[in-house]
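Shown next, in structure tokens, is the structure this report addresses.
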Amino acid sequence: MADETKHIDAITGTATTGHEWDGLRELNTPLPRWWLWLFYVTIIWAVGYWVVYPAWPLITSSTQGVIGWHSRAAVETDIADLKATRGPMVGKLAAASVAEIIADPQLLDFARAQGRVAFADNCAPCHGAGGGGAKGYPNLNDDDWLWGGKLADIENTVRHGARSGDDKAHQGNMPPFAGVLKPNEISAVADFARSLSGLPAEQGADLALGKKVFAENCAACHGPEGKGNRELGAPNLTDKIWLYGPSKETIMQGILNGRGGVMPAWQGRIDESTIKALVVYVWTFGGGEK
Amino acid sequence: MNTQAASTTLDRAASDAPGLAHLVAAAEVGAPEPDDEIPLYAPRRKIYPQSTHGLFRRIKWAVLIVTLGIYYLLPFVRWDRGPNAPSQAVLIDFPSRRFYFFFIEIWPQEVYYLTGLLILAAIGLFLMNAIAGRVWCGYLCPQTVWTDLFFAVERLVEGDRREHMQRDARKWTVQTWARKGLKHFIWLMIAWWTGGAWVLYFADAPTLVRDLATGQASIVAYAWIGILTFTTYALAGHMREQVCLYMCPWPRIQAALTDEYALNVTYRYDRGEPRCSVKKAEQLRAHGEPAGDCVDCLQCVHVCPTGVDIRQGASLGCIQCGLCIDACDNIMAKLGRPTRLIAYDTDINVKLRIEGKPSIYRLVRMRTILYAAIIALAGSVMIYTLATRGSEGISVIHDRNPMYVQLKDGTLRNGYTIRIVNKQLKYRDFLINVDGLPSTLVEFVGLPPRADGSQQLVSVGPDQTKEVRVVVTDYSTTPPAPSASILFRLTDINSGDVAEMRDHFFGPGGE
């Protein structure tokens with residue numbers, strides 16, 4: 001409750017503001033007057049901002065400010081500065097072949113740095129942040145390549161993709177065998193495919209039938225020994241790496257419905273130096289073939 | 001501390017005690033006496049500190065000359081580090097991210113040395129405070145040093161306290177204006193030089209001076225000179241004691257850190273009271289009645305740069321510069337009385353003397369011992385780590401995704417990114433070994449393979465780092481452990497210096 005008579009505090013001898021709460025009084029310790037002036041100065045300063053910078057919203061736009069500053073223009077200037085700084089190295093990268101990039105330590109460092117960022121922006125959604133892959137999306141760190149792991153192979157895949165609609169894209173897919181093969185044949189050939197890489201067969205599996213079905217239907221693409229064919233993107237079935245998983249159910253699904261994962265073509269979507277940087281970056285994950 | 005110290009002062013004569021209000025009012029220079037219309041804002045009262053001479057004035061001059069001398073001239077001191085590094089003794093090189101201090105070079109990742117310095121500075125401040133109060137405020141603080149210099153210029157141009165006050169009070173003549181103009185010009189020159197010296201710590205000083213003079217330095221350099229010219233001129237020329245009274249946090253922190261045995265600039269009221277004129281005192285003494293030494297000449301108040309009356313006890317406004325001690329000593333000497341009526345002392349001692357007991361000085365006590373021990377400890381750790389730090393280093397980052405890779409034949413592979421640090425100012429060749437697993441293939445991406453698969457030679461430029469990607473494949477026939485320890489060792493092939501970093505080799509179940 002405000003006490004209208006200004007009270008002098010007995011202990012300190014200081015005047016109070018007249019405010020009192022349950023016997024507690026607020027001492028009046030005056031602020032220096034220049035402090036008040038600083039407050040007014042900040043208000044004037046704020047008015048300056050309205051004049052100089054874009055500030056007040058209008059119906060369809062806003063006031064533009066007298067110096068014409070705009071955050072979008074500032075970002076564009078920054079990006080232009082960055083491009084100018086990187087320009088010489090980016091030019092070298094675009095002009096060199098990927099093999100030349102690998103051979104030049106300075107270019108290699110630059111390409112890997114650029115590749116790391118470009119990979120995170122464009123490739124990580126499917127292949128994982130470090131290229132670790134996911135079900136249906138190949139792990140780029142291992143030594144198993146559907147379409148080849150040499151620099152030129154990787155470059156080809158990045159540029160044109162697989163089943164992407166690009167003229168030079170990798171073609172060929174796993175056709176569906178539903179209606180072509182009987183259920184017991186599908187089960188048998190799935191067991192046989194698993195046995196190729198040493199996985200245990202189910203009890204009562206008819207591996208002989210599976211081998212026969214494989215030879216008649218699968219060997220054309222996957223090869224008589226199941227070692228695959230990179231021309232067609234047919235996976236090697238004898239190794240420990242399974243793109244969609246090694247369970248019998250998964251394999252039977254693949255046989256029944258077919259498989260045809262799509263890798264988009266990147267040529268035309270990202271610039272030349274970025275494509276090369278990505279190829280080099282992926283190759284240096286550790287699985288790249290000489 | 002204000003309340004405690006002040007109330008001990010006031011205990012002595014509660015009858016004529018003006019109350020803390022006077023102390024606070026004295027601290028807040030210019031606060032008017034409270035009346036019915038209590039103002040919310042206090043006007044500024046201009047302070048005209050009078051010049052004085054004596055021990056503490058000499059100490060302050062010496063500190064001013066040494067500290068400002070270091071500040072203005074240090075950037076020009078040269079230190080030869082060879083062709084691959086700057087030759088400036090003290091340099092904060094932002095573009096290259098290096099800090100040079102004579103023979104010490106600090107990289108950004110060693111910024112913890114700054115933490116050590118800050119600990120030393122803070123505890124050093126506490127120790128000063130525990131021994132002799134606001135030593136920092138009175139002698140060393142940049143605000144005090146530059147304000148002191150600006151006061152000296154003011155007295156030189158506009159005259160000492162009395163002359164200056166009289167001239168300000170009279171109608172201003174052309175000569176008054178000319179004097180004021182000259183004073184502000186000299187102040188601005190000092191402020192400008194202060195800002196100029198500041199930027200010299202961030203670039204090669206002689207080159208920058210030439211660039212500044214020919215208008216070729218960067219806009220950033222000119223902007224910083226402008227900013228620091230303004231702040232120096234405003235803070236030392238115009239804000240002065242207001243900085244200490246209203247802006248600085250240290251007087252508040254200091255009040256919470258001090259104790260009753262810390263020496264402070266103290267008015268010894270056991271000797272000084274009751275105050276009376278010289279003649280009155282002589283009469284009283286002749287009659288054998290008590291007479292204080294204080295003749296109420298107000299010299300202590302007139303020399304004070306913050307305008308406080310030390311006789312009202314310690315207060316927030318007192319920066320304890322000791323100038324009132326000099327002023328009072330000069331008066332006491334003239335009157336033939338003992339000096340040090342105002343001196344570094346404690347309120348406890350004043351009370352003890354009133355009771356007829358001997359004074360107690362406890363400079364060595366738990367507080368000062370602890371502070372000194374912390375300083376010694378932090379200082380020793382700093383010196384030890386600085387003296388024994390290696391000039392090479394290796395850091396290893398294990399791939400996060402994927403944690404491990406299974407190859408076609410089922411063997412496991414882990415990827416690492418290693419960074420090699422060469423802090424010497426010359427090219428160095430390092431051998432990298434990877435140990436810990438029985439049979440591995442170690443590949444260094446982008447580097448030519450060597451006959452011995454687990455070693456690799458890497459050349460790192462002067463004062464640089466190099467990043468190398470390493471892929472380790474485990475060919476052991478036994479099933480791999482979920483997580484095995486693996487050691488990266490870096491060896492300088494010329495000096496034999498070694499740096500090591502441990503990491504892990506993961507397999508299924510190890511992530």
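Quick note on naming: the chains in the structure tokens go A, B, ... in the order shown, residues restart at 1 in each chain, and ligands are numbered from 1 in order of appearance.
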
Got a sec: who's within 10 Å of A:Val279, counting only C-alpha atoms, leaving out chain neighbours fewer than 5 positions off, as a ChimeraX atom specification? /A:98,111-112,115,119,150-159,273-274,284,288

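The list of chain A residues within 6 Å of chain B is Thr12, Gly13, Thr14, Pro30, Leu31, Pro32, Arg33, Gly130, Gly132, Asp142, Asp143, Asp239, Lys240 and Ile241 of chain A; this uses only C-alpha atoms.
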
Which of stretch 44-274 of chain B counts as helix (DSSP H, G or I) under DSSP, as number ranges by chain please? B: 55-76, 108-110, 112-132, 135-140, 142-158, 161-169, 174-200, 205-213, 219-239, 241-247, 250-257, 269-272

Can you write just those residues out, C-alpha atoms, as a compact mmCIF listing (two decimals), in the first residue's frame?
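Final file, out_9.txt:
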# COMPACT_ATOMS: atom_id res chain seq x y z
CA LEU B 55 54.49 9.03 -1.83
CA PHE B 56 51.23 7.80 -3.32
CA ARG B 57 51.20 10.47 -6.03
CA ARG B 58 54.72 9.29 -7.00
CA ILE B 59 53.58 5.67 -7.04
CA LYS B 60 50.67 6.59 -9.28
CA TRP B 61 52.93 8.51 -11.69
CA ALA B 62 55.31 5.54 -11.85
CA VAL B 63 52.48 3.08 -12.53
CA LEU B 64 51.02 5.41 -15.16
CA ILE B 65 54.32 5.78 -17.01
CA VAL B 66 55.11 2.07 -16.92
CA THR B 67 51.66 0.77 -17.90
CA LEU B 68 50.98 3.33 -20.62
CA GLY B 69 54.56 2.95 -21.86
CA ILE B 70 54.04 -0.78 -22.25
CA TYR B 71 50.65 -0.29 -23.90
CA TYR B 72 51.82 2.27 -26.46
CA LEU B 73 55.22 0.79 -27.33
CA LEU B 74 54.87 -3.00 -27.00
CA PRO B 75 53.58 -3.55 -30.57
CA PHE B 76 56.86 -2.19 -31.92
CA PRO B 108 43.08 -21.70 -31.07
CA GLN B 109 42.71 -25.15 -29.51
CA GLU B 110 45.09 -24.07 -26.73
CA TYR B 112 42.64 -22.92 -22.24
CA TYR B 113 45.84 -21.02 -21.48
CA LEU B 114 43.60 -17.97 -21.60
CA THR B 115 41.41 -19.65 -18.97
CA GLY B 116 44.53 -20.08 -16.85
CA LEU B 117 45.43 -16.42 -17.30
CA LEU B 118 41.90 -15.39 -16.33
CA ILE B 119 42.08 -17.55 -13.19
CA LEU B 120 45.42 -15.96 -12.29
CA ALA B 121 44.03 -12.48 -12.96
CA ALA B 122 40.90 -13.06 -10.89
CA ILE B 123 42.66 -14.61 -7.91
CA GLY B 124 45.40 -11.97 -8.19
CA LEU B 125 42.68 -9.35 -7.91
CA PHE B 126 41.23 -11.13 -4.87
CA LEU B 127 44.68 -11.35 -3.23
CA MET B 128 45.35 -7.63 -3.78
CA ASN B 129 41.95 -6.94 -2.27
CA ALA B 130 42.59 -9.15 0.76
CA ILE B 131 45.92 -7.41 1.43
CA ALA B 132 45.24 -3.77 0.68
CA VAL B 135 44.74 -1.65 -5.20
CA TRP B 136 43.47 -2.42 -8.67
CA CYS B 137 41.00 0.47 -8.65
CA GLY B 138 43.39 2.99 -7.19
CA TYR B 139 46.52 2.37 -9.23
CA LEU B 140 46.15 -0.17 -12.04
CA PRO B 142 42.83 1.52 -17.13
CA GLN B 143 39.91 3.79 -16.22
CA THR B 144 41.95 5.18 -13.30
CA VAL B 145 45.21 5.48 -15.26
CA TRP B 146 43.72 7.25 -18.29
CA THR B 147 41.48 9.48 -16.12
CA ASP B 148 44.55 10.43 -14.09
CA LEU B 149 46.37 11.36 -17.29
CA PHE B 150 43.36 13.39 -18.49
CA PHE B 151 43.18 15.19 -15.09
CA ALA B 152 46.85 16.10 -15.48
CA VAL B 153 46.17 17.58 -18.93
CA GLU B 154 43.16 19.46 -17.56
CA ARG B 155 45.17 21.00 -14.71
CA LEU B 156 47.96 21.89 -17.10
CA VAL B 157 45.64 23.74 -19.48
CA GLU B 158 42.87 25.08 -17.25
CA ARG B 161 41.26 23.26 -8.71
CA ARG B 162 40.77 26.82 -7.46
CA GLU B 163 41.78 28.56 -10.70
CA HIS B 164 39.72 26.18 -12.81
CA MET B 165 36.61 26.58 -10.62
CA GLN B 166 36.89 30.36 -10.61
CA ARG B 167 37.30 30.52 -14.36
CA ASP B 168 34.34 28.21 -14.93
CA ALA B 169 32.19 30.31 -12.59
CA VAL B 174 37.58 33.90 -25.46
CA GLN B 175 40.53 32.75 -23.42
CA THR B 176 38.31 30.33 -21.44
CA TRP B 177 36.99 28.90 -24.67
CA ALA B 178 40.49 28.64 -26.09
CA ARG B 179 41.71 26.79 -23.01
CA LYS B 180 38.77 24.38 -23.15
CA GLY B 181 39.33 23.85 -26.85
CA LEU B 182 43.00 23.11 -26.32
CA LYS B 183 42.20 20.67 -23.50
CA HIS B 184 39.71 18.72 -25.61
CA PHE B 185 42.14 18.69 -28.51
CA ILE B 186 44.90 17.18 -26.36
CA TRP B 187 42.41 14.70 -24.88
CA LEU B 188 41.33 13.65 -28.36
CA MET B 189 44.94 13.25 -29.45
CA ILE B 190 45.66 10.97 -26.49
CA ALA B 191 42.42 9.05 -27.16
CA TRP B 192 43.31 8.73 -30.83
CA TRP B 193 46.77 7.43 -30.01
CA THR B 194 45.18 4.97 -27.59
CA GLY B 195 42.92 3.62 -30.32
CA GLY B 196 45.83 3.60 -32.75
CA ALA B 197 48.00 1.54 -30.39
CA TRP B 198 45.16 -0.93 -29.93
CA VAL B 199 44.95 -1.97 -33.58
CA LEU B 200 48.73 -2.41 -33.75
CA ALA B 205 52.85 -2.66 -36.35
CA PRO B 206 55.33 -0.82 -38.62
CA THR B 207 53.47 -1.92 -41.77
CA LEU B 208 50.12 -0.95 -40.31
CA VAL B 209 51.40 2.47 -39.21
CA ARG B 210 52.55 3.10 -42.79
CA ASP B 211 49.24 1.83 -44.22
CA LEU B 212 47.26 3.94 -41.78
CA ALA B 213 49.28 7.03 -42.64
CA ILE B 219 38.30 0.02 -42.95
CA VAL B 220 38.18 -2.28 -39.89
CA ALA B 221 41.42 -0.74 -38.57
CA TYR B 222 40.11 2.81 -38.99
CA ALA B 223 36.76 1.85 -37.44
CA TRP B 224 38.44 0.37 -34.36
CA ILE B 225 40.65 3.41 -33.95
CA GLY B 226 37.50 5.53 -34.15
CA ILE B 227 35.63 3.43 -31.61
CA LEU B 228 38.52 3.43 -29.12
CA THR B 229 39.18 7.13 -29.62
CA PHE B 230 35.57 7.76 -28.74
CA THR B 231 35.49 5.43 -25.71
CA THR B 232 38.78 6.75 -24.32
CA TYR B 233 37.70 10.37 -24.78
CA ALA B 234 34.24 9.74 -23.32
CA LEU B 235 35.26 7.51 -20.41
CA ALA B 236 38.46 9.25 -19.30
CA GLY B 237 37.46 12.79 -20.24
CA HIS B 238 33.76 12.93 -19.39
CA MET B 239 32.51 9.87 -17.51
CA GLU B 241 34.17 8.71 -11.54
CA GLN B 242 30.74 7.85 -12.93
CA VAL B 243 32.27 4.71 -14.43
CA CYS B 244 33.37 3.56 -10.96
CA LEU B 245 30.15 4.62 -9.24
CA TYR B 246 27.55 3.36 -11.68
CA MET B 247 29.06 1.21 -14.42
CA TRP B 250 34.03 -4.63 -9.29
CA PRO B 251 33.20 -2.27 -6.37
CA ARG B 252 30.14 -4.42 -5.66
CA ILE B 253 32.05 -7.71 -5.97
CA GLN B 254 34.93 -6.29 -3.98
CA ALA B 255 32.59 -5.37 -1.15
CA ALA B 256 31.49 -8.99 -0.93
CA LEU B 257 35.07 -10.33 -1.00
CA TYR B 269 39.27 9.00 13.83
CA ASP B 270 40.87 7.88 17.08
CA ARG B 271 43.45 10.57 16.31
CA GLY B 272 41.37 12.94 14.24

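The gap separating atom CA of B:Asp93 from atom CA of B:Gly215 is 21.3 Å, in Å to one decimal.
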
For B:Leu425, list every protein, DNA or RNA residue within 9 Å, evaluated using only C-alpha atoms, and leave out those in the same chain fewer than 4 positions away; present the list as JSON, numbers by chain. {"B": [81, 82, 83, 84, 85, 461, 462, 463, 464]}

Report as a list in words all protein, DNA and RNA residues lying within 8 Å of B:Asp293, evaluated on only C-alpha atoms, omitting residues in the same chain fewer than 3 positions from it. Arg271, Gly272, Glu273, Pro274, Arg275, Cys276, Ala281, Arg337 and Leu341 of chain B

So that I have them on file, write out the residues from the current selection with C-alpha atoms, as a compact mmCIF listing (two decimals), in the first residue's frame.
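This is the output file part_15.txt:
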# COMPACT_ATOMS: atom_id res chain seq x y z
CA ARG B 271 43.45 10.57 16.31
CA GLY B 272 41.37 12.94 14.24
CA GLU B 273 38.31 13.53 16.42
CA PRO B 274 37.06 15.84 17.74
CA ARG B 275 37.79 18.08 14.77
CA CYS B 276 38.66 21.65 15.53
CA ALA B 281 43.15 22.54 19.28
CA ARG B 337 51.65 17.01 13.82
CA LEU B 341 46.17 10.70 10.01

Which polymer residues have any atom within 12 Å of an atom of stretch 177-192 of chain A, counting only C-alpha atoms, with same-chain residues fewer than 6 positions away left out, as a ChimeraX atom specification? /A:198-219,225-226,237-238,246-259
